[in-house]
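What follows is a short report on a single structure.
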2 protein chains.
Amino acid sequence: MENSFQDDDSLRSEEASQEWSDGQSAALDPTVRFIEQMGIHAQGDGVPRIAGRIMGYFIVYGGPVSFAQLAQELQVSRASVSTNVRTLTDLGMIDKVARPGDRQDYYQLANNPYLRMIETYLLRMRAMQDLLQKADDTIPANMHSTHSRLAQMRHFFETAVQSNEQLIKDLEQ
Amino acid sequence: MENSFQDDDSLRSEEASQEWSDGQSAALDPTVRFIEQMGIHAQGDGVPRIAGRIMGYFIVYGGPVSFAQLAQELQVSRASVSTNVRTLTDLGMIDKVARPGDRQDYYQLANNPYLRMIETYLLRMRAMQDLLQKADDTIPANMHSTHSRLAQMRHFFETAVQSNEQLIKDLEQ
DNA sequence: CACTTCGTTCAGTTAAGATTGAACAAACTA
DNA sequence: TAGTTTGTTCAATCTTAACTGAACGAAGTG
């Protein structure tokens, strides 16, 4: 059960400090706090909380980290680890890595974890552009002000897409 | 009940075309289709579907449009119109406009509807920056690789924030 | 004044996702 | 072969947020 393969910072931490009403205790450990906050923030972004916590875990412990370890450390079911880890790999935020002679799956933080997120964001904007294009094509031509507003929005997304494409280039160095 | 005050494109449309399994009919009207798709897309962005539909409605019929008209045309409760219209005004995407001698509330598309959305987006990124800063401050200094990953993420958000601030400037002309 | 219209608020319902346990298949081990 | 371990899938549960109807206050109108 011990994972001997991990980069420098080795702490785990079960430390408790703050008392809760139900008698349980919450960790004041800054790493744990950070991981939980990543979960909250992710939720606000429409991403499952557990996916956010997993990301937080990887930022703290870069990996490679085993599937089972994630489930145990974050106290979530293997089913959740399975789905959320897939989500994150699909997003390109973490990578699956093989460990010779070990049947378990290991994962680690991707190279530029948030870069792919922008690409996903770009996809959404392009979908919106399609939507606007289609509307422009199908809505009667005599609805002039409607077409003018559609054009304005298209211009917005055009600009935004270009800006984010440039951002990606900048971040790729 | 008639709204005499509306810009050029005056169509409403109750037209139905496509048959559904339950015997009801869906509108093929391109404007209705567009409005519904805006609802779907909004949902995907974590915004309530009705807010998206309202936005769609305003893109099609720039406004001013009355509160009651929104409820009727989009077939939603006045309660929903109330909350979603507030959300959209808070986001700066639509504006409330007064009509002398008319007690009803009217709304119309804001000037640069999506610009404020980017500002909201910026707020989220700044919150993330705070989160990272706080983690950097509290996590033990000897966790070197953790701090290095935190620094990498901070750099990302720094760059992203700058890029989006520039985008806002560009869009403001 | 009584009566209507308009928009907000709030408690309750509904709908949508996230999370889980259990069943399962694949790949090992003995 | 039977028995483990590992990750996935699926149905059921739990949680969260959206949406609604009804009650309400404010602001008309008659």
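Letters A, B, ... mark the chains of the structure tokens in the order given; residue numbers begin at 1 per chain; ligand numbers begin at 1, in order shown.
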Find the residues near DG7 (chain D): any atom within 12 Å, counting only C-alpha atoms (C1' of nucleotides), skip ones fewer than 4 places away on the same chain, and give them as a PyMOL selection string.
(chain A and resi 66-68+71+77-83+85-86+103-106) or (chain C and resi 24-27)
List every residue of chain A that DSSP, applied to the backbone, labels as strand (DSSP E), and write the result as an MDAnalysis selection string.
chainID A and resid 18:19 25:26 65:66 94:99 102:109
Given the selection you just returned, output its residues as a file containing N, CA, C and O atoms, formatted as a PDB file, in the first residue's frame.
ATOM      1  N   GLN A  18      -9.224  22.166  13.715  1.00  0.00           N
ATOM      2  CA  GLN A  18     -10.437  22.915  14.011  1.00  0.00           C
ATOM      3  C   GLN A  18     -11.581  21.972  14.347  1.00  0.00           C
ATOM      4  O   GLN A  18     -11.859  21.012  13.640  1.00  0.00           O
ATOM      5  N   GLU A  19     -12.277  22.258  15.433  1.00  0.00           N
ATOM      6  CA  GLU A  19     -13.384  21.413  15.845  1.00  0.00           C
ATOM      7  C   GLU A  19     -14.654  21.755  15.087  1.00  0.00           C
ATOM      8  O   GLU A  19     -14.970  22.919  14.885  1.00  0.00           O
ATOM      9  N   SER A  25     -13.211  16.621  13.073  1.00  0.00           N
ATOM     10  CA  SER A  25     -12.231  17.695  13.045  1.00  0.00           C
ATOM     11  C   SER A  25     -11.804  17.982  11.616  1.00  0.00           C
ATOM     12  O   SER A  25     -11.697  17.090  10.797  1.00  0.00           O
ATOM     13  N   ALA A  26     -11.574  19.235  11.322  1.00  0.00           N
ATOM     14  CA  ALA A  26     -11.155  19.620   9.976  1.00  0.00           C
ATOM     15  C   ALA A  26      -9.666  19.919   9.987  1.00  0.00           C
ATOM     16  O   ALA A  26      -9.124  20.416  10.962  1.00  0.00           O
ATOM     17  N   VAL A  65       1.030   9.365  -9.150  1.00  0.00           N
ATOM     18  CA  VAL A  65       0.215   8.920  -8.035  1.00  0.00           C
ATOM     19  C   VAL A  65      -0.691   7.814  -8.540  1.00  0.00           C
ATOM     20  O   VAL A  65      -1.202   7.905  -9.658  1.00  0.00           O
ATOM     21  N   SER A  66      -0.873   6.802  -7.730  1.00  0.00           N
ATOM     22  CA  SER A  66      -1.683   5.670  -8.187  1.00  0.00           C
ATOM     23  C   SER A  66      -3.168   5.957  -8.029  1.00  0.00           C
ATOM     24  O   SER A  66      -3.595   6.776  -7.201  1.00  0.00           O
ATOM     25  N   ILE A  94      -4.109  16.022 -16.786  1.00  0.00           N
ATOM     26  CA  ILE A  94      -3.209  15.019 -16.213  1.00  0.00           C
ATOM     27  C   ILE A  94      -2.964  13.944 -17.263  1.00  0.00           C
ATOM     28  O   ILE A  94      -3.736  13.788 -18.213  1.00  0.00           O
ATOM     29  N   ASP A  95      -1.867  13.207 -17.082  1.00  0.00           N
ATOM     30  CA  ASP A  95      -1.511  12.135 -18.013  1.00  0.00           C
ATOM     31  C   ASP A  95      -1.437  10.815 -17.274  1.00  0.00           C
ATOM     32  O   ASP A  95      -1.017  10.759 -16.117  1.00  0.00           O
ATOM     33  N   LYS A  96      -1.837   9.763 -17.972  1.00  0.00           N
ATOM     34  CA  LYS A  96      -1.656   8.434 -17.408  1.00  0.00           C
ATOM     35  C   LYS A  96      -0.225   8.000 -17.705  1.00  0.00           C
ATOM     36  O   LYS A  96       0.261   8.190 -18.827  1.00  0.00           O
ATOM     37  N   VAL A  97       0.441   7.470 -16.718  1.00  0.00           N
ATOM     38  CA  VAL A  97       1.807   7.000 -16.936  1.00  0.00           C
ATOM     39  C   VAL A  97       1.915   5.550 -16.495  1.00  0.00           C
ATOM     40  O   VAL A  97       1.290   5.138 -15.519  1.00  0.00           O
ATOM     41  N   ALA A  98       2.671   4.778 -17.250  1.00  0.00           N
ATOM     42  CA  ALA A  98       2.837   3.361 -16.928  1.00  0.00           C
ATOM     43  C   ALA A  98       4.003   3.179 -15.975  1.00  0.00           C
ATOM     44  O   ALA A  98       4.977   3.931 -16.005  1.00  0.00           O
ATOM     45  N   ARG A  99       3.884   2.161 -15.138  1.00  0.00           N
ATOM     46  CA  ARG A  99       4.984   1.833 -14.244  1.00  0.00           C
ATOM     47  C   ARG A  99       5.307   0.362 -14.456  1.00  0.00           C
ATOM     48  O   ARG A  99       4.491  -0.511 -14.124  1.00  0.00           O
ATOM     49  N   ASP A 102       4.067  -2.888 -12.590  1.00  0.00           N
ATOM     50  CA  ASP A 102       2.986  -2.497 -11.679  1.00  0.00           C
ATOM     51  C   ASP A 102       1.695  -2.434 -12.466  1.00  0.00           C
ATOM     52  O   ASP A 102       1.592  -1.724 -13.455  1.00  0.00           O
ATOM     53  N   ARG A 103       0.723  -3.181 -12.021  1.00  0.00           N
ATOM     54  CA  ARG A 103      -0.514  -3.261 -12.780  1.00  0.00           C
ATOM     55  C   ARG A 103      -1.400  -2.029 -12.564  1.00  0.00           C
ATOM     56  O   ARG A 103      -2.313  -1.763 -13.343  1.00  0.00           O
ATOM     57  N   GLN A 104      -1.138  -1.310 -11.521  1.00  0.00           N
ATOM     58  CA  GLN A 104      -1.963  -0.134 -11.241  1.00  0.00           C
ATOM     59  C   GLN A 104      -1.781   0.967 -12.281  1.00  0.00           C
ATOM     60  O   GLN A 104      -0.775   1.030 -12.965  1.00  0.00           O
ATOM     61  N   ASP A 105      -2.792   1.828 -12.360  1.00  0.00           N
ATOM     62  CA  ASP A 105      -2.672   3.026 -13.182  1.00  0.00           C
ATOM     63  C   ASP A 105      -2.053   4.145 -12.357  1.00  0.00           C
ATOM     64  O   ASP A 105      -2.415   4.358 -11.201  1.00  0.00           O
ATOM     65  N   TYR A 106      -1.140   4.844 -12.988  1.00  0.00           N
ATOM     66  CA  TYR A 106      -0.568   6.012 -12.327  1.00  0.00           C
ATOM     67  C   TYR A 106      -0.855   7.250 -13.172  1.00  0.00           C
ATOM     68  O   TYR A 106      -0.982   7.166 -14.396  1.00  0.00           O
ATOM     69  N   TYR A 107      -0.946   8.359 -12.496  1.00  0.00           N
ATOM     70  CA  TYR A 107      -1.214   9.620 -13.193  1.00  0.00           C
ATOM     71  C   TYR A 107      -0.272  10.697 -12.687  1.00  0.00           C
ATOM     72  O   TYR A 107       0.216  10.627 -11.565  1.00  0.00           O
ATOM     73  N   GLN A 108      -0.035  11.657 -13.548  1.00  0.00           N
ATOM     74  CA  GLN A 108       0.746  12.810 -13.098  1.00  0.00           C
ATOM     75  C   GLN A 108       0.250  14.068 -13.794  1.00  0.00           C
ATOM     76  O   GLN A 108      -0.451  14.004 -14.803  1.00  0.00           O
ATOM     77  N   LEU A 109       0.625  15.181 -13.226  1.00  0.00           N
ATOM     78  CA  LEU A 109       0.248  16.471 -13.775  1.00  0.00           C
ATOM     79  C   LEU A 109       0.776  16.588 -15.203  1.00  0.00           C
ATOM     80  O   LEU A 109       1.917  16.219 -15.485  1.00  0.00           O
TER      81      LEU A 109
END
Closest atom pairs, residues of chain D within 8 Å of chain B, only C-alpha atoms (C1' of nucleotides), as a Markdown table:
| residue | atom | partner | partner_atom | distance |
| --- | --- | --- | --- | --- |
| D:DA18 | C1' | B:Pro48 | CA | 7.0 |
| D:DC19 | C1' | B:Ser80 | CA | 6.6 |
| D:DT20 | C1' | B:Ser77 | CA | 6.5 |
| D:DG28 | C1' | B:Arg103 | CA | 7.9 |
Residue selection dump (N, CA, C and O atoms (P, O5', C5', C4', C3', O3' and C1' of nucleotides)) as an mmCIF file, in the first residue's frame:
data_model
loop_
_atom_site.group_PDB
_atom_site.id
_atom_site.type_symbol
_atom_site.label_atom_id
_atom_site.label_comp_id
_atom_site.auth_asym_id
_atom_site.auth_seq_id
_atom_site.Cartn_x
_atom_site.Cartn_y
_atom_site.Cartn_z
ATOM 1 P P DA D 18 -28.970 27.689 -10.778
ATOM 2 O "O5'" DA D 18 -30.299 27.266 -11.545
ATOM 3 C "C5'" DA D 18 -30.251 26.168 -12.438
ATOM 4 C "C4'" DA D 18 -31.665 25.737 -12.803
ATOM 5 C "C3'" DA D 18 -32.567 26.881 -13.243
ATOM 6 O "O3'" DA D 18 -33.328 26.427 -14.352
ATOM 7 C "C1'" DA D 18 -33.529 25.786 -11.379
ATOM 8 P P DC D 19 -34.149 27.491 -15.234
ATOM 9 O "O5'" DC D 19 -35.602 27.357 -14.623
ATOM 10 C "C5'" DC D 19 -36.241 26.071 -14.651
ATOM 11 C "C4'" DC D 19 -37.465 26.097 -13.769
ATOM 12 C "C3'" DC D 19 -38.373 27.299 -13.984
ATOM 13 O "O3'" DC D 19 -39.520 26.854 -14.710
ATOM 14 C "C1'" DC D 19 -38.124 26.692 -11.666
ATOM 15 P P DT D 20 -40.699 27.920 -15.036
ATOM 16 O "O5'" DT D 20 -41.667 27.703 -13.798
ATOM 17 C "C5'" DT D 20 -42.088 26.382 -13.488
ATOM 18 C "C4'" DT D 20 -42.942 26.389 -12.231
ATOM 19 C "C3'" DT D 20 -44.029 27.461 -12.241
ATOM 20 O "O3'" DT D 20 -45.293 26.822 -12.218
ATOM 21 C "C1'" DT D 20 -42.823 27.451 -10.171
ATOM 22 P P DG D 28 -47.420 55.196 -9.326
ATOM 23 O "O5'" DG D 28 -49.014 55.135 -9.128
ATOM 24 C "C5'" DG D 28 -49.867 55.544 -10.177
ATOM 25 C "C4'" DG D 28 -50.330 54.363 -10.996
ATOM 26 C "C3'" DG D 28 -51.723 54.526 -11.577
ATOM 27 O "O3'" DG D 28 -51.659 54.570 -12.991
ATOM 28 C "C1'" DG D 28 -51.597 52.564 -10.194
#
Residues within 10 Å of region 128-135 of chain A, only C-alpha atoms (C1' of nucleotides), excluding chain neighbours under 5 positions, as a PyMOL selection string
(chain A and resi 122-123+140+146-147+150-151+153-158+161) or (chain B and resi 30-35+37-38+41-42+60)
CA of Gln43 (chain A) and CA of Tyr121 (chain B) are how many Å apart?
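For CA of Gln43 (chain A) relative to CA of Tyr121 (chain B), the distance reads 14.5 Å.
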Which of these, A:Glu73, A:Asn84, A:Gly44, A:Ile139, has the shortest distance to chain C once you count only C-alpha atoms (C1' of nucleotides)?
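Looking only at the distances to chain C, the closest residue turns out to be A:Asn84.
You will find CA of Ser148 (chain A) at 9.3 Å from CA of Ile59 (chain B).
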With a distance threshold of 8 Å and counting only C-alpha atoms (C1' of nucleotides), extract the residues of chain C near chain A and express them as JSON, numbers by chain.
{"C": [18, 19, 20]}
From B:Leu91, B:Gln69, B:Glu165, B:Gly62, residue lying nearest chain A [only C-alpha atoms]
B:Gly62
Which residues in chain B does DSSP call helix (DSSP H, G or I)? List them as an MDAnalysis selection string.
chainID B and resid 30:44 49:60 67:74 78:90 115:138 144:171
For CA of His144 (chain B) and CA of Tyr57 (chain A), quote the distance in Å rounded to one decimal.
15.1 Å
Give the answer as one residue: which of B:Met117, B:Ala160, B:Leu74, B:Ala51 has the shortest atom-to-atom distance to chain A, using only C-alpha atoms?
B:Ala160
